[in-house]
$ cat structure-v1.txt   # compact mmCIF, C-alpha atoms
# COMPACT_ATOMS: atom_id res chain seq x y z
CA MET A 563 -27.63 2.64 -145.11
CA LYS A 564 -31.03 1.88 -143.59
CA THR A 565 -32.76 4.15 -141.09
CA ASN A 566 -31.26 3.37 -137.72
CA PHE A 567 -32.41 5.56 -134.85
CA LYS A 568 -30.52 3.39 -132.37
CA LEU A 569 -27.26 4.16 -134.16
CA LEU A 570 -28.12 7.87 -134.29
CA LEU A 571 -28.88 8.04 -130.59
CA ASN A 572 -25.88 5.90 -129.65
CA LYS A 573 -23.58 8.20 -131.59
CA LEU A 574 -24.64 11.07 -129.35
CA THR A 575 -24.59 9.18 -126.06
CA GLU A 576 -21.36 7.27 -126.70
CA ASN A 577 -19.56 10.50 -127.49
CA ASP A 578 -20.89 12.29 -124.39
CA PHE A 579 -22.72 14.91 -126.39
CA ASP A 580 -24.98 16.74 -123.94
CA PHE A 581 -28.58 16.78 -125.13
CA ILE A 582 -32.19 16.23 -124.12
CA LEU A 583 -34.46 14.08 -126.26
CA ILE A 584 -37.61 16.02 -127.13
CA GLY A 585 -40.40 15.83 -129.69
CA GLY A 586 -42.23 12.82 -131.03
CA PHE A 587 -39.95 10.12 -129.63
CA ALA A 588 -40.29 11.56 -126.13
CA ALA A 589 -44.08 11.71 -126.59
CA ALA A 590 -44.16 8.10 -127.80
CA ALA A 591 -42.03 7.04 -124.83
CA TYR A 592 -44.62 8.49 -122.47
CA GLY A 593 -47.30 6.55 -124.33
CA SER A 594 -48.58 8.79 -127.12
CA SER A 595 -50.07 6.82 -130.00
CA TYR A 596 -48.31 8.93 -132.62
CA VAL A 597 -45.19 7.50 -134.23
CA THR A 598 -42.47 9.86 -135.37
CA TYR A 599 -39.76 9.56 -137.99
CA ASP A 600 -37.25 12.15 -136.88
CA LEU A 601 -35.06 12.34 -133.83
CA ASP A 602 -35.44 15.75 -132.18
CA VAL A 603 -33.03 16.84 -129.51
CA CYS A 604 -32.44 20.03 -127.55
CA ALA A 605 -28.81 21.06 -127.17
CA VAL A 606 -26.64 24.12 -126.69
CA LEU A 607 -25.33 24.89 -130.16
CA THR A 608 -22.05 26.57 -129.35
CA PRO A 609 -19.32 26.52 -132.03
CA ALA A 610 -17.47 23.91 -129.95
CA ASN A 611 -20.56 21.70 -129.74
CA ILE A 612 -21.21 22.02 -133.47
CA GLU A 613 -17.62 21.03 -134.21
CA LYS A 614 -18.09 18.05 -131.92
CA LEU A 615 -21.27 17.10 -133.77
CA ARG A 616 -19.44 17.29 -137.10
CA SER A 617 -16.90 14.85 -135.80
CA ILE A 618 -19.55 12.51 -134.30
CA LEU A 619 -21.69 12.44 -137.45
CA SER A 620 -18.89 12.51 -140.02
CA ASP A 621 -19.33 8.90 -141.15
CA ILE A 622 -23.10 9.06 -141.76
CA ASN A 623 -23.19 11.82 -144.37
CA PRO A 624 -25.07 14.61 -142.54
CA VAL A 625 -26.66 17.23 -144.81
CA HIS A 626 -28.91 20.24 -144.19
CA ARG A 627 -32.21 18.71 -145.22
CA ILE A 628 -34.19 21.94 -145.59
CA SER A 629 -31.85 23.59 -148.09
CA ASN A 630 -32.66 22.74 -151.70
CA ASN A 631 -29.12 21.73 -152.60
CA LYS A 632 -28.66 19.90 -149.28
CA PRO A 633 -25.15 21.14 -148.42
CA SER A 634 -23.03 18.94 -146.20
CA PHE A 635 -23.15 19.76 -142.51
CA LEU A 636 -19.45 18.90 -142.40
CA ASP A 637 -18.60 21.96 -144.53
CA PHE A 638 -21.50 24.33 -144.10
CA PRO A 639 -21.89 26.78 -142.48
CA GLU A 640 -18.34 28.02 -142.09
CA ASN A 641 -19.33 30.53 -139.42
CA LEU A 642 -20.61 28.57 -136.43
CA VAL A 643 -21.63 31.54 -134.30
CA GLY A 644 -25.31 32.24 -133.67
CA ILE A 645 -26.77 28.95 -134.90
CA ASN A 646 -30.06 28.16 -133.17
CA ASN A 647 -31.33 25.06 -134.95
CA LEU A 648 -29.93 22.34 -137.22
CA TYR A 649 -32.20 20.24 -139.42
CA LEU A 650 -30.13 17.33 -140.64
CA GLN A 651 -30.66 14.29 -142.78
CA THR A 652 -28.13 11.52 -142.32
CA ASP A 653 -27.69 8.04 -143.75
CA ALA A 654 -29.18 6.72 -140.50
CA GLY A 655 -32.19 9.05 -140.41
CA VAL A 656 -33.38 12.58 -139.74
CA LEU A 657 -31.80 14.32 -136.77
CA ASP A 658 -32.86 17.80 -135.65
CA PHE A 659 -31.17 19.99 -133.05
CA ILE A 660 -33.18 22.72 -131.39
CA SER A 661 -31.59 25.17 -128.99
CA ASN A 662 -34.82 26.68 -127.69
CA VAL A 663 -37.98 24.59 -127.47
CA THR A 664 -41.06 26.70 -128.13
CA GLY A 665 -43.15 26.98 -124.99
CA ALA A 666 -40.72 25.06 -122.77
CA GLY A 667 -37.37 26.84 -122.93
CA ASN A 668 -33.72 26.25 -123.67
CA PHE A 669 -31.44 23.38 -122.68
CA ASP A 670 -30.77 24.75 -119.18
CA GLU A 671 -34.46 25.29 -118.50
CA LEU A 672 -35.42 21.84 -119.77
CA SER A 673 -32.59 20.27 -117.75
CA LYS A 674 -34.28 21.23 -114.47
CA SER A 675 -37.06 18.69 -114.95
CA ALA A 676 -35.61 16.33 -117.58
CA ILE A 677 -35.60 12.62 -116.73
CA GLU A 678 -32.50 10.49 -117.04
CA LEU A 679 -33.09 7.08 -118.61
CA GLN A 680 -30.93 4.14 -119.64
CA ILE A 681 -31.42 3.74 -123.36
CA PHE A 682 -29.45 1.05 -125.18
CA GLU A 683 -27.30 0.81 -122.03
CA ARG A 684 -26.35 4.48 -122.09
CA LYS A 685 -27.59 7.39 -120.05
CA CYS A 686 -29.94 9.65 -121.98
CA LYS A 687 -32.07 12.56 -120.78
CA ILE A 688 -35.62 13.09 -122.03
CA ILE A 689 -37.83 16.11 -121.65
CA SER A 690 -40.33 15.95 -118.76
CA ILE A 691 -43.94 15.25 -119.67
CA GLU A 692 -44.91 18.68 -118.30
CA ASP A 693 -42.47 20.51 -120.57
CA LEU A 694 -43.43 18.30 -123.48
CA ILE A 695 -47.11 19.20 -123.04
CA LYS A 696 -46.18 22.89 -122.84
CA SER A 697 -44.15 22.69 -126.04
CA LYS A 698 -46.80 20.75 -127.95
CA LEU A 699 -49.48 23.25 -126.93
CA ALA A 700 -47.24 26.18 -127.87
CA ILE A 701 -46.62 24.86 -131.39
CA LYS A 702 -50.39 24.91 -131.96
CA ARG A 703 -50.43 22.58 -134.97
CA PRO A 704 -53.45 20.25 -134.91
CA LYS A 705 -51.28 17.14 -134.54
CA ASP A 706 -49.31 18.66 -131.67
CA ILE A 707 -52.50 19.69 -129.87
CA GLU A 708 -53.74 16.10 -130.17
CA VAL A 709 -50.44 14.75 -128.81
CA ALA A 710 -50.62 17.26 -125.93
CA ASN A 711 -54.16 16.10 -125.13
CA GLU A 712 -53.01 12.48 -125.13
CA LEU A 713 -50.10 13.36 -122.84
CA LYS A 714 -52.44 15.14 -120.42
CA VAL A 715 -54.54 11.98 -120.14
CA ILE A 716 -51.41 9.84 -119.72
CA ARG A 717 -50.10 12.14 -117.00
CA GLN A 718 -53.41 11.96 -115.17
CA THR A 719 -53.87 8.21 -115.40
CA LYS A 720 -50.29 7.17 -114.75
CA LYS A 721 -49.56 9.94 -112.28
CA ILE A 722 -46.26 10.65 -114.01
CA MET B 1151 -44.24 3.18 -157.97
CA ASN B 1152 -43.25 6.70 -159.04
CA ILE B 1153 -44.98 9.53 -157.26
CA ASP B 1154 -44.79 13.02 -158.66
CA ILE B 1155 -44.12 15.21 -155.67
CA SER B 1156 -42.92 18.29 -157.54
CA ASN B 1157 -46.22 20.15 -157.14
CA ILE B 1158 -46.30 19.64 -153.40
CA PHE B 1159 -43.31 21.89 -153.00
CA THR B 1160 -44.44 24.67 -155.26
CA THR B 1161 -47.99 25.19 -154.02
CA GLU B 1162 -49.01 27.09 -150.94
CA ASN B 1163 -49.62 24.87 -147.97
CA ALA B 1164 -49.76 24.93 -144.21
CA LEU B 1165 -46.70 22.78 -143.60
CA SER B 1166 -43.45 24.19 -142.29
CA HIS B 1167 -40.17 23.72 -144.15
CA GLU B 1168 -39.16 21.06 -141.62
CA GLN B 1169 -42.37 19.11 -142.15
CA MET B 1170 -42.16 19.45 -145.93
CA SER B 1171 -38.62 18.15 -145.89
CA LEU B 1172 -39.70 15.13 -143.82
CA LEU B 1173 -42.67 14.48 -146.09
CA LYS B 1174 -40.49 14.66 -149.18
CA ARG B 1175 -38.00 12.22 -147.70
CA ASN B 1176 -40.75 9.79 -146.67
CA LEU B 1177 -42.33 9.89 -150.12
CA GLU B 1178 -38.99 9.06 -151.67
CA LEU B 1179 -38.53 5.94 -149.56
CA SER B 1180 -39.44 2.55 -150.98
CA VAL B 1181 -41.92 0.38 -149.11
CA ASP B 1182 -39.09 -1.72 -147.67
CA GLU B 1183 -37.23 1.39 -146.55
CA ARG B 1184 -40.41 2.74 -144.97
CA ILE B 1185 -40.98 -0.52 -143.10
CA ASN B 1186 -37.40 -0.39 -141.89
CA GLN B 1187 -37.89 3.21 -140.77
CA LEU B 1188 -40.98 2.20 -138.79
CA GLN B 1189 -39.24 -0.79 -137.23
CA SER B 1190 -36.31 1.38 -136.19
CA ALA B 1191 -38.67 3.94 -134.65
CA VAL B 1192 -40.58 1.26 -132.78
CA GLU B 1193 -37.32 -0.26 -131.49
CA LEU B 1194 -36.31 3.07 -129.95
CA ILE B 1195 -39.78 3.77 -128.56
CA GLU B 1196 -39.91 0.32 -126.95
CA GLU B 1197 -36.48 0.83 -125.37
CA MET B 1198 -37.52 4.23 -124.01
CA ARG B 1199 -40.84 2.94 -122.68
CA ASN B 1200 -39.16 0.04 -120.88
CA SER B 1201 -36.62 2.36 -119.32
CA LEU B 1202 -39.32 4.81 -118.25
CA LYS B 1203 -41.38 1.96 -116.79
CA GLU B 1204 -38.41 0.75 -114.74
CA LYS B 1205 -37.78 4.28 -113.55
CA ASN B 1206 -41.40 4.66 -112.41
CA GLU B 1207 -41.37 1.26 -110.68
CA ASP B 1208 -38.19 2.23 -108.82
CA LYS B 1209 -39.85 5.48 -107.78
CA LEU B 1210 -42.93 3.62 -106.51
CA GLN B 1211 -40.80 1.13 -104.59
CA ALA B 1212 -38.92 3.93 -102.94
CA LEU B 1213 -42.22 5.40 -101.76
CA THR B 1214 -43.55 2.15 -100.24

$ encode --input "structure-v1.txt" --output "structure tokens"
Amino acid sequence: MKTNFKLLLNKLTENDFDFILIGGFAAAAYGSSYVTYDLDVCAVLTPANIEKLRSILSDINPVHRISNNKPSFLDFPENLVGINNLYLQTDAGVLDFISNVTGAGNFDELSKSAIELQIFERKCKIISIEDLIKSKLAIKRPKDIEVANELKVIRQTKKI
Amino acid sequence: MNIDISNIFTTENALSHEQMSLLKRNLELSVDERINQLQSAVELIEEMRNSLKEKNEDKLQALT
């Protein structure tokens, strides 16, 4: 299967999985010149939510992309308690779940200022530009600092 | 074209595991797959930008 971010996003929105789009795609939506190749979302990773994700992603072969042997997300881990992040590779592309965004907070904190958009005819929340700037600055990698600087200019010029 | 990426993952570097995993995946993609990946990313970005633009226009209209 080819990379298909639309399919990945639609899988989450069509199945009413509660999440906030963060990271590079959110930055690009606000106007950053950087293009990203992974879909990053913030979500509450309760055992129930992880089970729901397994069901939603079951037909696109999700695996843990950071582990050397890339175990299937459908089988591993068995114990779903205390999971903070999931770094997955699927047939439709890379999909990462973060429960606490460095510098900006968890799902509930991000929800306070997140913006609801219509994306591919479905409601989808994205992180606010303010929280996105905070998170990019907190990560402190050169690329993230550059994106944060771009976002600051965008915020100023567009009065977002 | 075959690219030997084995050394990348055994030498010390400043990239996180997440970034390394992404890099490895991208290096393994063929040119056509990479183009497709870019097109798919641009499709989503365009959709998000349009939606954000509409949202901002609605906000401005409500103010005037």

$ residues_around --input "structure-v1.txt" --residues "region 621-630 of chain A" --least-positions-apart "4" --cutoff "8 Å" --atoms "all atoms listed in the file" --output "VMD selection string"
(chain A and resid 634 to 636 648 to 654) or (chain B and resid 1167 to 1168 1171)

$ residues_around --input "structure-v1.txt" --residues "Asn1176 (chain B)" --least-positions-apart "5" --cutoff "12 Å" --atoms "all atoms listed in the file" --output "PyMOL selection string"
(chain A and resi 565+598-600+651+655-656) or (chain B and resi 1153+1155+1169-1171+1181-1188)

$ residues_around --input "structure-v1.txt" --residues "Gly644 (chain A)" --least-positions-apart "4" --cutoff "12 Å" --atoms "all atoms listed in the file" --output "PyMOL selection string"
chain A and resi 606-609+612+639-640+648+661

$ residues_around --input "structure-v1.txt" --residues "Ser675 (chain A)" --least-positions-apart "5" --cutoff "10 Å" --atoms "all atoms listed in the file" --output "VMD selection string"
chain A and resid 670 687 to 693

$ interface_residues --input "structure-v1.txt" --of "chain A" --to "chain B" --cutoff "7 Å" --atoms "all atoms listed in the file" --output "NGL selection string"
:A and (564-568 or 587 or 590-592 or 599 or 627-628 or 679-681)

$ closest_residue --input "structure-v1.txt" --among "A:Leu642, A:Asn662, A:Ser673, A:Asn668" --to "Cys686 (chain A)" --atoms "all atoms listed in the file"
A:Ser673

$ atom_distance --input "structure-v1.txt" --atom1 "CA of Glu613 (chain A)" --atom2 "CA of Leu570 (chain A)"
16.8 Å

$ closest_residue --input "structure-v1.txt" --among "A:Val603, A:Leu672, A:Leu574, A:Ile716" --to "Gly586 (chain A)" --atoms "all atoms listed in the file"
A:Val603

$ atom_distance --input "structure-v1.txt" --atom1 "CA of Leu657 (chain A)" --atom2 "CA of Leu601 (chain A)"
4.8 Å

$ atom_distance --input "structure-v1.txt" --atom1 "CA of Asn577 (chain A)" --atom2 "CA of Leu615 (chain A)"
9.3 Å

$ closest_residue --input "structure-v1.txt" --among "A:Lys632, A:Gly585, A:Phe682, A:Val597" --to "Lys696 (chain A)" --atoms "all atoms listed in the file"
A:Gly585

$ decode --input "structure-v1.txt" --residues "region 1171-1202 of chain B" --atoms "N, CA and C atoms" --output "PDB file, in the first residue's frame"
ATOM      1  N   SER B1171      14.328   6.070  13.105  1.00  0.00           N
ATOM      2  CA  SER B1171      13.382   5.146  12.513  1.00  0.00           C
ATOM      3  C   SER B1171      12.747   5.747  11.255  1.00  0.00           C
ATOM      4  N   LEU B1172      12.414   7.042  11.328  1.00  0.00           N
ATOM      5  CA  LEU B1172      11.840   7.736  10.170  1.00  0.00           C
ATOM      6  C   LEU B1172      12.836   7.797   9.028  1.00  0.00           C
ATOM      7  N   LEU B1173      14.084   8.144   9.381  1.00  0.00           N
ATOM      8  CA  LEU B1173      15.134   8.260   8.374  1.00  0.00           C
ATOM      9  C   LEU B1173      15.354   6.926   7.667  1.00  0.00           C
ATOM     10  N   LYS B1174      15.389   5.864   8.467  1.00  0.00           N
ATOM     11  CA  LYS B1174      15.607   4.534   7.902  1.00  0.00           C
ATOM     12  C   LYS B1174      14.484   4.187   6.929  1.00  0.00           C
ATOM     13  N   ARG B1175      13.266   4.474   7.350  1.00  0.00           N
ATOM     14  CA  ARG B1175      12.112   4.166   6.489  1.00  0.00           C
ATOM     15  C   ARG B1175      12.197   4.970   5.185  1.00  0.00           C
ATOM     16  N   ASN B1176      12.520   6.258   5.308  1.00  0.00           N
ATOM     17  CA  ASN B1176      12.584   7.101   4.111  1.00  0.00           C
ATOM     18  C   ASN B1176      13.675   6.648   3.152  1.00  0.00           C
ATOM     19  N   LEU B1177      14.802   6.196   3.707  1.00  0.00           N
ATOM     20  CA  LEU B1177      15.896   5.737   2.852  1.00  0.00           C
ATOM     21  C   LEU B1177      15.544   4.442   2.123  1.00  0.00           C
ATOM     22  N   GLU B1178      14.641   3.693   2.724  1.00  0.00           N
ATOM     23  CA  GLU B1178      14.249   2.420   2.111  1.00  0.00           C
ATOM     24  C   GLU B1178      13.211   2.591   1.001  1.00  0.00           C
ATOM     25  N   LEU B1179      12.596   3.773   0.953  1.00  0.00           N
ATOM     26  CA  LEU B1179      11.558   3.981  -0.058  1.00  0.00           C
ATOM     27  C   LEU B1179      12.174   4.219  -1.432  1.00  0.00           C
ATOM     28  N   SER B1180      11.510   3.745  -2.456  1.00  0.00           N
ATOM     29  CA  SER B1180      11.959   4.028  -3.820  1.00  0.00           C
ATOM     30  C   SER B1180      11.592   5.475  -4.151  1.00  0.00           C
ATOM     31  N   VAL B1181      12.105   5.962  -5.258  1.00  0.00           N
ATOM     32  CA  VAL B1181      11.807   7.338  -5.651  1.00  0.00           C
ATOM     33  C   VAL B1181      10.302   7.521  -5.843  1.00  0.00           C
ATOM     34  N   ASP B1182       9.660   6.571  -6.489  1.00  0.00           N
ATOM     35  CA  ASP B1182       8.212   6.663  -6.703  1.00  0.00           C
ATOM     36  C   ASP B1182       7.448   6.674  -5.380  1.00  0.00           C
ATOM     37  N   GLU B1183       7.901   5.826  -4.466  1.00  0.00           N
ATOM     38  CA  GLU B1183       7.239   5.782  -3.147  1.00  0.00           C
ATOM     39  C   GLU B1183       7.446   7.092  -2.395  1.00  0.00           C
ATOM     40  N   ARG B1184       8.616   7.663  -2.560  1.00  0.00           N
ATOM     41  CA  ARG B1184       8.930   8.939  -1.889  1.00  0.00           C
ATOM     42  C   ARG B1184       8.074  10.067  -2.472  1.00  0.00           C
ATOM     43  N   ILE B1185       7.916  10.050  -3.784  1.00  0.00           N
ATOM     44  CA  ILE B1185       7.073  11.064  -4.437  1.00  0.00           C
ATOM     45  C   ILE B1185       5.635  10.920  -3.934  1.00  0.00           C
ATOM     46  N   ASN B1186       5.186   9.678  -3.859  1.00  0.00           N
ATOM     47  CA  ASN B1186       3.831   9.429  -3.361  1.00  0.00           C
ATOM     48  C   ASN B1186       3.669   9.931  -1.929  1.00  0.00           C
ATOM     49  N   GLN B1187       4.706   9.685  -1.115  1.00  0.00           N
ATOM     50  CA  GLN B1187       4.678  10.123   0.281  1.00  0.00           C
ATOM     51  C   GLN B1187       4.546  11.648   0.357  1.00  0.00           C
ATOM     52  N   LEU B1188       5.327  12.330  -0.477  1.00  0.00           N
ATOM     53  CA  LEU B1188       5.273  13.794  -0.524  1.00  0.00           C
ATOM     54  C   LEU B1188       3.909  14.289  -0.980  1.00  0.00           C
ATOM     55  N   GLN B1189       3.378  13.656  -2.023  1.00  0.00           N
ATOM     56  CA  GLN B1189       2.068  14.061  -2.547  1.00  0.00           C
ATOM     57  C   GLN B1189       0.981  13.879  -1.495  1.00  0.00           C
ATOM     58  N   SER B1190       1.074  12.769  -0.757  1.00  0.00           N
ATOM     59  CA  SER B1190       0.083  12.504   0.276  1.00  0.00           C
ATOM     60  C   SER B1190       0.184  13.541   1.400  1.00  0.00           C
ATOM     61  N   ALA B1191       1.416  13.900   1.754  1.00  0.00           N
ATOM     62  CA  ALA B1191       1.623  14.920   2.794  1.00  0.00           C
ATOM     63  C   ALA B1191       1.079  16.265   2.338  1.00  0.00           C
ATOM     64  N   VAL B1192       1.358  16.616   1.103  1.00  0.00           N
ATOM     65  CA  VAL B1192       0.898  17.906   0.572  1.00  0.00           C
ATOM     66  C   VAL B1192      -0.634  17.946   0.504  1.00  0.00           C
ATOM     67  N   GLU B1193      -1.244  16.817   0.139  1.00  0.00           N
ATOM     68  CA  GLU B1193      -2.710  16.742   0.082  1.00  0.00           C
ATOM     69  C   GLU B1193      -3.328  17.066   1.448  1.00  0.00           C
ATOM     70  N   LEU B1194      -2.760  16.483   2.492  1.00  0.00           N
ATOM     71  CA  LEU B1194      -3.282  16.726   3.842  1.00  0.00           C
ATOM     72  C   LEU B1194      -3.014  18.166   4.277  1.00  0.00           C
ATOM     73  N   ILE B1195      -1.820  18.654   3.998  1.00  0.00           N
ATOM     74  CA  ILE B1195      -1.473  20.031   4.389  1.00  0.00           C
ATOM     75  C   ILE B1195      -2.408  21.027   3.699  1.00  0.00           C
ATOM     76  N   GLU B1196      -2.665  20.803   2.417  1.00  0.00           N
ATOM     77  CA  GLU B1196      -3.546  21.691   1.658  1.00  0.00           C
ATOM     78  C   GLU B1196      -4.958  21.690   2.257  1.00  0.00           C
ATOM     79  N   GLU B1197      -5.442  20.498   2.583  1.00  0.00           N
ATOM     80  CA  GLU B1197      -6.781  20.373   3.181  1.00  0.00           C
ATOM     81  C   GLU B1197      -6.847  21.119   4.518  1.00  0.00           C
ATOM     82  N   MET B1198      -5.802  20.974   5.316  1.00  0.00           N
ATOM     83  CA  MET B1198      -5.774  21.641   6.621  1.00  0.00           C
ATOM     84  C   MET B1198      -5.679  23.154   6.464  1.00  0.00           C
ATOM     85  N   ARG B1199      -4.855  23.604   5.524  1.00  0.00           N
ATOM     86  CA  ARG B1199      -4.705  25.049   5.311  1.00  0.00           C
ATOM     87  C   ARG B1199      -6.014  25.676   4.850  1.00  0.00           C
ATOM     88  N   ASN B1200      -6.698  24.999   3.930  1.00  0.00           N
ATOM     89  CA  ASN B1200      -7.979  25.521   3.441  1.00  0.00           C
ATOM     90  C   ASN B1200      -8.993  25.621   4.569  1.00  0.00           C
ATOM     91  N   SER B1201      -9.026  24.591   5.402  1.00  0.00           N
ATOM     92  CA  SER B1201      -9.975  24.583   6.507  1.00  0.00           C
ATOM     93  C   SER B1201      -9.650  25.688   7.511  1.00  0.00           C
ATOM     94  N   LEU B1202      -8.365  25.867   7.775  1.00  0.00           N
ATOM     95  CA  LEU B1202      -7.930  26.909   8.706  1.00  0.00           C
ATOM     96  C   LEU B1202      -8.248  28.295   8.143  1.00  0.00           C
TER      97      LEU B1202
END
